[in-house]
file structure_18.cif (mmCIF, C-alpha atoms)
data_run
loop_
_atom_site.group_PDB
_atom_site.id
_atom_site.type_symbol
_atom_site.label_atom_id
_atom_site.label_comp_id
_atom_site.auth_asym_id
_atom_site.auth_seq_id
_atom_site.Cartn_x
_atom_site.Cartn_y
_atom_site.Cartn_z
ATOM 1 C CA MET A 1 0.000 0.000 0.000
ATOM 2 C CA ALA A 2 2.815 2.413 0.844
ATOM 3 C CA GLU A 3 4.309 2.034 -2.626
ATOM 4 C CA ALA A 4 0.916 2.837 -4.151
ATOM 5 C CA LEU A 5 0.753 5.999 -2.052
ATOM 6 C CA VAL A 6 4.336 7.316 -2.200
ATOM 7 C CA GLY A 7 6.074 5.332 -4.929
ATOM 8 C CA PRO A 8 8.721 2.617 -5.195
ATOM 9 C CA GLY A 9 10.371 1.790 -1.906
ATOM 10 C CA GLY A 10 7.582 3.463 0.091
ATOM 11 C CA TYR A 11 7.315 1.971 3.541
ATOM 12 C CA PHE A 12 4.634 2.588 6.155
ATOM 13 C CA GLY A 13 5.579 -0.035 8.722
ATOM 14 C CA ARG A 14 4.849 -3.710 9.129
ATOM 15 C CA GLU A 15 1.462 -3.629 10.809
ATOM 16 C CA TRP A 16 -1.825 -1.736 11.070
ATOM 17 C CA ASN A 17 -0.885 0.710 13.837
ATOM 18 C CA ALA A 18 2.347 1.722 12.097
ATOM 19 C CA PHE A 19 0.420 2.246 8.857
ATOM 20 C CA LYS A 20 -2.097 4.489 10.635
ATOM 21 C CA ASP A 21 0.685 6.449 12.336
ATOM 22 C CA CYS A 22 2.494 7.038 9.055
ATOM 23 C CA LEU A 23 -0.662 8.215 7.285
ATOM 24 C CA GLY A 24 -1.436 10.641 10.080
ATOM 25 C CA GLY A 25 2.125 11.858 10.520
ATOM 26 C CA GLY A 26 2.540 13.891 7.338
ATOM 27 C CA PHE A 27 4.702 11.290 5.605
ATOM 28 C CA GLY A 28 4.823 11.277 1.829
ATOM 29 C CA VAL A 29 1.242 11.763 0.641
ATOM 30 C CA ALA A 30 0.481 15.336 -0.344
ATOM 31 C CA LEU A 31 -3.206 16.189 -0.456
ATOM 32 C CA PRO A 32 -5.293 16.388 -2.528
ATOM 33 C CA PHE A 33 -4.600 12.798 -3.477
ATOM 34 C CA THR A 34 -6.668 10.208 -5.326
ATOM 35 C CA LEU A 35 -5.943 6.512 -4.974
ATOM 36 C CA VAL A 36 -7.410 4.435 -7.791
ATOM 37 C CA TRP A 37 -7.575 0.916 -6.372
ATOM 38 C CA HIS A 38 -7.679 -1.442 -9.363
ATOM 39 C CA ASP A 39 -9.253 -4.862 -8.810
ATOM 40 C CA ALA A 40 -10.617 -3.707 -5.466
ATOM 41 C CA ASP A 41 -13.061 -6.621 -5.414
ATOM 42 C CA VAL A 42 -10.125 -9.043 -5.298
ATOM 43 C CA ALA A 43 -8.768 -7.296 -2.193
ATOM 44 C CA ARG A 44 -12.245 -7.041 -0.670
ATOM 45 C CA ARG A 45 -12.817 -10.796 -1.053
ATOM 46 C CA ALA A 46 -9.312 -11.690 0.173
ATOM 47 C CA LEU A 47 -9.766 -9.583 3.314
ATOM 48 C CA ALA A 48 -13.478 -10.237 3.881
ATOM 49 C CA ASP A 49 -12.945 -12.577 6.814
ATOM 50 C CA VAL A 50 -10.338 -10.377 8.498
ATOM 51 C CA VAL A 51 -12.044 -8.103 11.020
ATOM 52 C CA SER A 52 -9.773 -5.323 12.239
ATOM 53 C CA ASP A 53 -12.133 -4.011 14.910
ATOM 54 C CA PRO A 54 -14.640 -6.520 16.304
ATOM 55 C CA ASP A 55 -16.609 -3.719 18.005
ATOM 56 C CA GLU A 56 -17.322 -2.029 14.673
ATOM 57 C CA GLY A 57 -17.463 -5.225 12.610
ATOM 58 C CA LEU A 58 -15.559 -3.729 9.683
ATOM 59 C CA SER A 59 -13.408 -5.935 7.512
ATOM 60 C CA TYR A 60 -9.762 -4.989 7.168
ATOM 61 C CA PHE A 61 -10.494 -3.806 3.614
ATOM 62 C CA GLU A 62 -13.339 -1.541 4.753
ATOM 63 C CA ASP A 63 -11.203 -0.176 7.580
ATOM 64 C CA ILE A 64 -8.347 0.655 5.178
ATOM 65 C CA VAL A 65 -10.688 2.524 2.832
ATOM 66 C CA ARG A 66 -12.274 4.395 5.746
ATOM 67 C CA LEU A 67 -8.859 5.381 7.126
ATOM 68 C CA LEU A 68 -7.637 6.661 3.756
ATOM 69 C CA LYS A 69 -10.776 8.764 3.373
ATOM 70 C CA ARG A 70 -10.434 10.110 6.937
ATOM 71 C CA CYS A 71 -6.904 11.208 6.071
ATOM 72 C CA GLY A 72 -8.366 13.306 3.256
ATOM 73 C CA MET A 73 -7.716 11.050 0.293
ATOM 74 C CA THR A 74 -10.199 10.275 -2.435
ATOM 75 C CA VAL A 75 -10.453 6.516 -2.935
ATOM 76 C CA VAL A 76 -11.793 5.168 -6.213
ATOM 77 C CA LEU A 77 -12.550 1.446 -6.143
ATOM 78 C CA GLN A 78 -12.433 -0.199 -9.557
#
call {"tool": "encode", "arguments": {"input": "structure_18.cif", "output": "structure tokens"}}
result
Amino acid sequence: MAEALVGPGGYFGREWNAFKDCLGGGFGVALPFTLVWHDADVARRALADVVSDPDEGLSYFEDIVRLLKRCGMTVVLQ
């Protein structure tokens, strides 16, 4: 994901909390920014059974999209 956002070699950590910290810390992505997520249905299906927050019941995919939007990015799922 980091390479899609900031280019080759982009690195936003090894786990969810590091990814969130990097997105919120002013690293790399200059707004306005649009992420066009090709084959989003493949990712959605692959991550459908992974629930990142049991209290909210969101899949990991849904949580990623929500986080990107909260950070001010436009996310286009194709």
call {"tool": "resolve_selection", "arguments": {"input": "structure_18.cif", "expression": "the PyMOL selection byres ((chain A and resi 22) around 12)", "output": "PyMOL selection string"}}
result
chain A and resi 1-2+5-6+10-21+23-29+67-68+71
call {"tool": "write_last_selection", "arguments": {"input": "structure_18.cif", "atoms": "C-alpha atoms", "output": "PDB file, keeping the file's coordinate frame"}}
result
ATOM      1  CA  MET A   1       0.000   0.000   0.000  1.00  0.00           C
ATOM      2  CA  ALA A   2       2.815   2.413   0.844  1.00  0.00           C
ATOM      3  CA  LEU A   5       0.753   5.999  -2.052  1.00  0.00           C
ATOM      4  CA  VAL A   6       4.336   7.316  -2.200  1.00  0.00           C
ATOM      5  CA  GLY A  10       7.582   3.463   0.091  1.00  0.00           C
ATOM      6  CA  TYR A  11       7.315   1.971   3.541  1.00  0.00           C
ATOM      7  CA  PHE A  12       4.634   2.588   6.155  1.00  0.00           C
ATOM      8  CA  GLY A  13       5.579  -0.035   8.722  1.00  0.00           C
ATOM      9  CA  ARG A  14       4.849  -3.710   9.129  1.00  0.00           C
ATOM     10  CA  GLU A  15       1.462  -3.629  10.809  1.00  0.00           C
ATOM     11  CA  TRP A  16      -1.825  -1.736  11.070  1.00  0.00           C
ATOM     12  CA  ASN A  17      -0.885   0.710  13.837  1.00  0.00           C
ATOM     13  CA  ALA A  18       2.347   1.722  12.097  1.00  0.00           C
ATOM     14  CA  PHE A  19       0.420   2.246   8.857  1.00  0.00           C
ATOM     15  CA  LYS A  20      -2.097   4.489  10.635  1.00  0.00           C
ATOM     16  CA  ASP A  21       0.685   6.449  12.336  1.00  0.00           C
ATOM     17  CA  LEU A  23      -0.662   8.215   7.285  1.00  0.00           C
ATOM     18  CA  GLY A  24      -1.436  10.641  10.080  1.00  0.00           C
ATOM     19  CA  GLY A  25       2.125  11.858  10.520  1.00  0.00           C
ATOM     20  CA  GLY A  26       2.540  13.891   7.338  1.00  0.00           C
ATOM     21  CA  PHE A  27       4.702  11.290   5.605  1.00  0.00           C
ATOM     22  CA  GLY A  28       4.823  11.277   1.829  1.00  0.00           C
ATOM     23  CA  VAL A  29       1.242  11.763   0.641  1.00  0.00           C
ATOM     24  CA  LEU A  67      -8.859   5.381   7.126  1.00  0.00           C
ATOM     25  CA  LEU A  68      -7.637   6.661   3.756  1.00  0.00           C
ATOM     26  CA  CYS A  71      -6.904  11.208   6.071  1.00  0.00           C
TER      27      CYS A  71
END
call {"tool": "resolve_selection", "arguments": {"input": "structure_18.cif", "expression": "the PyMOL selection byres ((chain A and resi 57-61) around 12)", "output": "PDB file with C-alpha atoms, in the coordinates of the input"}}
result
ATOM      1  CA  MET A   1       0.000   0.000   0.000  1.00  0.00           C
ATOM      2  CA  GLU A  15       1.462  -3.629  10.809  1.00  0.00           C
ATOM      3  CA  TRP A  16      -1.825  -1.736  11.070  1.00  0.00           C
ATOM      4  CA  TRP A  37      -7.575   0.916  -6.372  1.00  0.00           C
ATOM      5  CA  ALA A  40     -10.617  -3.707  -5.466  1.00  0.00           C
ATOM      6  CA  ASP A  41     -13.061  -6.621  -5.414  1.00  0.00           C
ATOM      7  CA  VAL A  42     -10.125  -9.043  -5.298  1.00  0.00           C
ATOM      8  CA  ALA A  43      -8.768  -7.296  -2.193  1.00  0.00           C
ATOM      9  CA  ARG A  44     -12.245  -7.041  -0.670  1.00  0.00           C
ATOM     10  CA  ARG A  45     -12.817 -10.796  -1.053  1.00  0.00           C
ATOM     11  CA  ALA A  46      -9.312 -11.690   0.173  1.00  0.00           C
ATOM     12  CA  LEU A  47      -9.766  -9.583   3.314  1.00  0.00           C
ATOM     13  CA  ALA A  48     -13.478 -10.237   3.881  1.00  0.00           C
ATOM     14  CA  ASP A  49     -12.945 -12.577   6.814  1.00  0.00           C
ATOM     15  CA  VAL A  50     -10.338 -10.377   8.498  1.00  0.00           C
ATOM     16  CA  VAL A  51     -12.044  -8.103  11.020  1.00  0.00           C
ATOM     17  CA  SER A  52      -9.773  -5.323  12.239  1.00  0.00           C
ATOM     18  CA  ASP A  53     -12.133  -4.011  14.910  1.00  0.00           C
ATOM     19  CA  PRO A  54     -14.640  -6.520  16.304  1.00  0.00           C
ATOM     20  CA  ASP A  55     -16.609  -3.719  18.005  1.00  0.00           C
ATOM     21  CA  GLU A  56     -17.322  -2.029  14.673  1.00  0.00           C
ATOM     22  CA  GLU A  62     -13.339  -1.541   4.753  1.00  0.00           C
ATOM     23  CA  ASP A  63     -11.203  -0.176   7.580  1.00  0.00           C
ATOM     24  CA  ILE A  64      -8.347   0.655   5.178  1.00  0.00           C
ATOM     25  CA  VAL A  65     -10.688   2.524   2.832  1.00  0.00           C
ATOM     26  CA  ARG A  66     -12.274   4.395   5.746  1.00  0.00           C
ATOM     27  CA  LEU A  67      -8.859   5.381   7.126  1.00  0.00           C
ATOM     28  CA  LEU A  68      -7.637   6.661   3.756  1.00  0.00           C
ATOM     29  CA  LEU A  77     -12.550   1.446  -6.143  1.00  0.00           C
TER      30      LEU A  77
END
call {"tool": "resolve_selection", "arguments": {"input": "structure_18.cif", "expression": "the PyMOL selection byres ((chain A and resi 35) around 8)", "output": "CSV table (one decimal) with C-alpha atoms, keeping the file's coordinate frame"}}
result
chain,number,residue,atom,x,y,z
A,4,ALA,CA,0.9,2.8,-4.2
A,5,LEU,CA,0.8,6.0,-2.1
A,33,PHE,CA,-4.6,12.8,-3.5
A,34,THR,CA,-6.7,10.2,-5.3
A,36,VAL,CA,-7.4,4.4,-7.8
A,37,TRP,CA,-7.6,0.9,-6.4
A,73,MET,CA,-7.7,11.0,0.3
A,74,THR,CA,-10.2,10.3,-2.4
A,75,VAL,CA,-10.5,6.5,-2.9
A,76,VAL,CA,-11.8,5.2,-6.2
call {"tool": "axis_aligned_box", "arguments": {"input": "structure_18.cif", "around": "range 39-58 of chain A", "padding_each_side": "8 Å", "output": "lines of an AutoDock Vina configuration file"}}
result
center_x = -13.1
center_y = -7.3
center_z = 4.6
size_x = 24.7
size_y = 26.5
size_z = 42.8
call {"tool": "build_atoms", "arguments": {"input": "structure_18.cif", "residues": "range 65-76 of chain A", "atoms": "all heavy atoms", "output": "PDB file, in the frame of the given file"}}
result
ATOM      1  N   VAL A  65     -10.041   1.502   3.652  1.00  0.00           N
ATOM      2  CA  VAL A  65     -10.688   2.524   2.832  1.00  0.00           C
ATOM      3  C   VAL A  65     -11.177   3.677   3.707  1.00  0.00           C
ATOM      4  O   VAL A  65     -10.981   4.853   3.386  1.00  0.00           O
ATOM      5  CB  VAL A  65     -11.838   1.916   1.997  1.00  0.00           C
ATOM      6  CG1 VAL A  65     -12.645   2.993   1.301  1.00  0.00           C
ATOM      7  CG2 VAL A  65     -11.287   0.914   0.985  1.00  0.00           C
ATOM      8  N   ARG A  66     -11.783   3.352   4.836  1.00  0.00           N
ATOM      9  CA  ARG A  66     -12.274   4.395   5.746  1.00  0.00           C
ATOM     10  C   ARG A  66     -11.125   5.264   6.255  1.00  0.00           C
ATOM     11  O   ARG A  66     -11.229   6.491   6.300  1.00  0.00           O
ATOM     12  CB  ARG A  66     -13.029   3.762   6.912  1.00  0.00           C
ATOM     13  CG  ARG A  66     -13.595   4.797   7.880  1.00  0.00           C
ATOM     14  CD  ARG A  66     -14.347   4.167   8.999  1.00  0.00           C
ATOM     15  NE  ARG A  66     -13.422   3.459   9.881  1.00  0.00           N
ATOM     16  CZ  ARG A  66     -13.760   2.936  11.035  1.00  0.00           C
ATOM     17  NH1 ARG A  66     -15.013   2.995  11.440  1.00  0.00           N
ATOM     18  NH2 ARG A  66     -12.886   2.328  11.788  1.00  0.00           N
ATOM     19  N   LEU A  67     -10.013   4.639   6.630  1.00  0.00           N
ATOM     20  CA  LEU A  67      -8.859   5.381   7.126  1.00  0.00           C
ATOM     21  C   LEU A  67      -8.298   6.312   6.057  1.00  0.00           C
ATOM     22  O   LEU A  67      -8.004   7.482   6.339  1.00  0.00           O
ATOM     23  CB  LEU A  67      -7.770   4.405   7.595  1.00  0.00           C
ATOM     24  CG  LEU A  67      -6.446   5.039   8.017  1.00  0.00           C
ATOM     25  CD1 LEU A  67      -6.635   5.928   9.249  1.00  0.00           C
ATOM     26  CD2 LEU A  67      -5.412   3.964   8.281  1.00  0.00           C
ATOM     27  N   LEU A  68      -8.160   5.820   4.840  1.00  0.00           N
ATOM     28  CA  LEU A  68      -7.637   6.661   3.756  1.00  0.00           C
ATOM     29  C   LEU A  68      -8.532   7.874   3.527  1.00  0.00           C
ATOM     30  O   LEU A  68      -8.051   8.994   3.361  1.00  0.00           O
ATOM     31  CB  LEU A  68      -7.494   5.843   2.474  1.00  0.00           C
ATOM     32  CG  LEU A  68      -6.459   4.714   2.515  1.00  0.00           C
ATOM     33  CD1 LEU A  68      -6.555   3.866   1.253  1.00  0.00           C
ATOM     34  CD2 LEU A  68      -5.057   5.255   2.708  1.00  0.00           C
ATOM     35  N   LYS A  69      -9.831   7.654   3.561  1.00  0.00           N
ATOM     36  CA  LYS A  69     -10.776   8.764   3.373  1.00  0.00           C
ATOM     37  C   LYS A  69     -10.694   9.748   4.539  1.00  0.00           C
ATOM     38  O   LYS A  69     -10.746  10.967   4.340  1.00  0.00           O
ATOM     39  CB  LYS A  69     -12.198   8.239   3.210  1.00  0.00           C
ATOM     40  CG  LYS A  69     -12.412   7.553   1.874  1.00  0.00           C
ATOM     41  CD  LYS A  69     -13.829   7.019   1.747  1.00  0.00           C
ATOM     42  CE  LYS A  69     -14.062   6.387   0.395  1.00  0.00           C
ATOM     43  NZ  LYS A  69     -15.435   5.867   0.242  1.00  0.00           N
ATOM     44  N   ARG A  70     -10.563   9.237   5.759  1.00  0.00           N
ATOM     45  CA  ARG A  70     -10.434  10.110   6.937  1.00  0.00           C
ATOM     46  C   ARG A  70      -9.193  10.986   6.858  1.00  0.00           C
ATOM     47  O   ARG A  70      -9.177  12.098   7.384  1.00  0.00           O
ATOM     48  CB  ARG A  70     -10.357   9.278   8.213  1.00  0.00           C
ATOM     49  CG  ARG A  70     -11.652   9.168   8.914  1.00  0.00           C
ATOM     50  CD  ARG A  70     -11.408   8.733  10.339  1.00  0.00           C
ATOM     51  NE  ARG A  70     -12.348   7.695  10.642  1.00  0.00           N
ATOM     52  CZ  ARG A  70     -12.170   6.716  11.484  1.00  0.00           C
ATOM     53  NH1 ARG A  70     -11.042   6.600  12.137  1.00  0.00           N
ATOM     54  NH2 ARG A  70     -13.093   5.822  11.696  1.00  0.00           N
ATOM     55  N   CYS A  71      -8.155  10.460   6.220  1.00  0.00           N
ATOM     56  CA  CYS A  71      -6.904  11.208   6.071  1.00  0.00           C
ATOM     57  C   CYS A  71      -6.992  12.230   4.940  1.00  0.00           C
ATOM     58  O   CYS A  71      -6.033  12.939   4.665  1.00  0.00           O
ATOM     59  CB  CYS A  71      -5.740  10.253   5.819  1.00  0.00           C
ATOM     60  SG  CYS A  71      -5.317   9.275   7.267  1.00  0.00           S
ATOM     61  N   GLY A  72      -8.140  12.298   4.281  1.00  0.00           N
ATOM     62  CA  GLY A  72      -8.366  13.306   3.256  1.00  0.00           C
ATOM     63  C   GLY A  72      -8.146  12.852   1.825  1.00  0.00           C
ATOM     64  O   GLY A  72      -8.185  13.660   0.918  1.00  0.00           O
ATOM     65  N   MET A  73      -7.932  11.568   1.631  1.00  0.00           N
ATOM     66  CA  MET A  73      -7.716  11.050   0.293  1.00  0.00           C
ATOM     67  C   MET A  73      -9.051  10.689  -0.361  1.00  0.00           C
ATOM     68  O   MET A  73      -9.991  10.313   0.323  1.00  0.00           O
ATOM     69  CB  MET A  73      -6.856   9.794   0.332  1.00  0.00           C
ATOM     70  CG  MET A  73      -5.446  10.056   0.746  1.00  0.00           C
ATOM     71  SD  MET A  73      -4.525   8.517   0.829  1.00  0.00           S
ATOM     72  CE  MET A  73      -3.551   8.853   2.291  1.00  0.00           C
ATOM     73  N   THR A  74      -9.071  10.784  -1.662  1.00  0.00           N
ATOM     74  CA  THR A  74     -10.199  10.275  -2.435  1.00  0.00           C
ATOM     75  C   THR A  74      -9.814   8.854  -2.838  1.00  0.00           C
ATOM     76  O   THR A  74      -8.715   8.625  -3.339  1.00  0.00           O
ATOM     77  CB  THR A  74     -10.429  11.133  -3.681  1.00  0.00           C
ATOM     78  OG1 THR A  74     -10.715  12.470  -3.265  1.00  0.00           O
ATOM     79  CG2 THR A  74     -11.574  10.599  -4.523  1.00  0.00           C
ATOM     80  N   VAL A  75     -10.721   7.913  -2.605  1.00  0.00           N
ATOM     81  CA  VAL A  75     -10.453   6.516  -2.935  1.00  0.00           C
ATOM     82  C   VAL A  75     -11.469   6.071  -3.982  1.00  0.00           C
ATOM     83  O   VAL A  75     -12.669   6.157  -3.756  1.00  0.00           O
ATOM     84  CB  VAL A  75     -10.544   5.608  -1.679  1.00  0.00           C
ATOM     85  CG1 VAL A  75     -10.260   4.163  -2.046  1.00  0.00           C
ATOM     86  CG2 VAL A  75      -9.599   6.101  -0.598  1.00  0.00           C
ATOM     87  N   VAL A  76     -10.955   5.646  -5.128  1.00  0.00           N
ATOM     88  CA  VAL A  76     -11.793   5.168  -6.213  1.00  0.00           C
ATOM     89  C   VAL A  76     -11.581   3.658  -6.318  1.00  0.00           C
ATOM     90  O   VAL A  76     -10.471   3.205  -6.597  1.00  0.00           O
ATOM     91  CB  VAL A  76     -11.434   5.858  -7.549  1.00  0.00           C
ATOM     92  CG1 VAL A  76     -12.279   5.305  -8.688  1.00  0.00           C
ATOM     93  CG2 VAL A  76     -11.572   7.364  -7.431  1.00  0.00           C
TER      94      VAL A  76
END
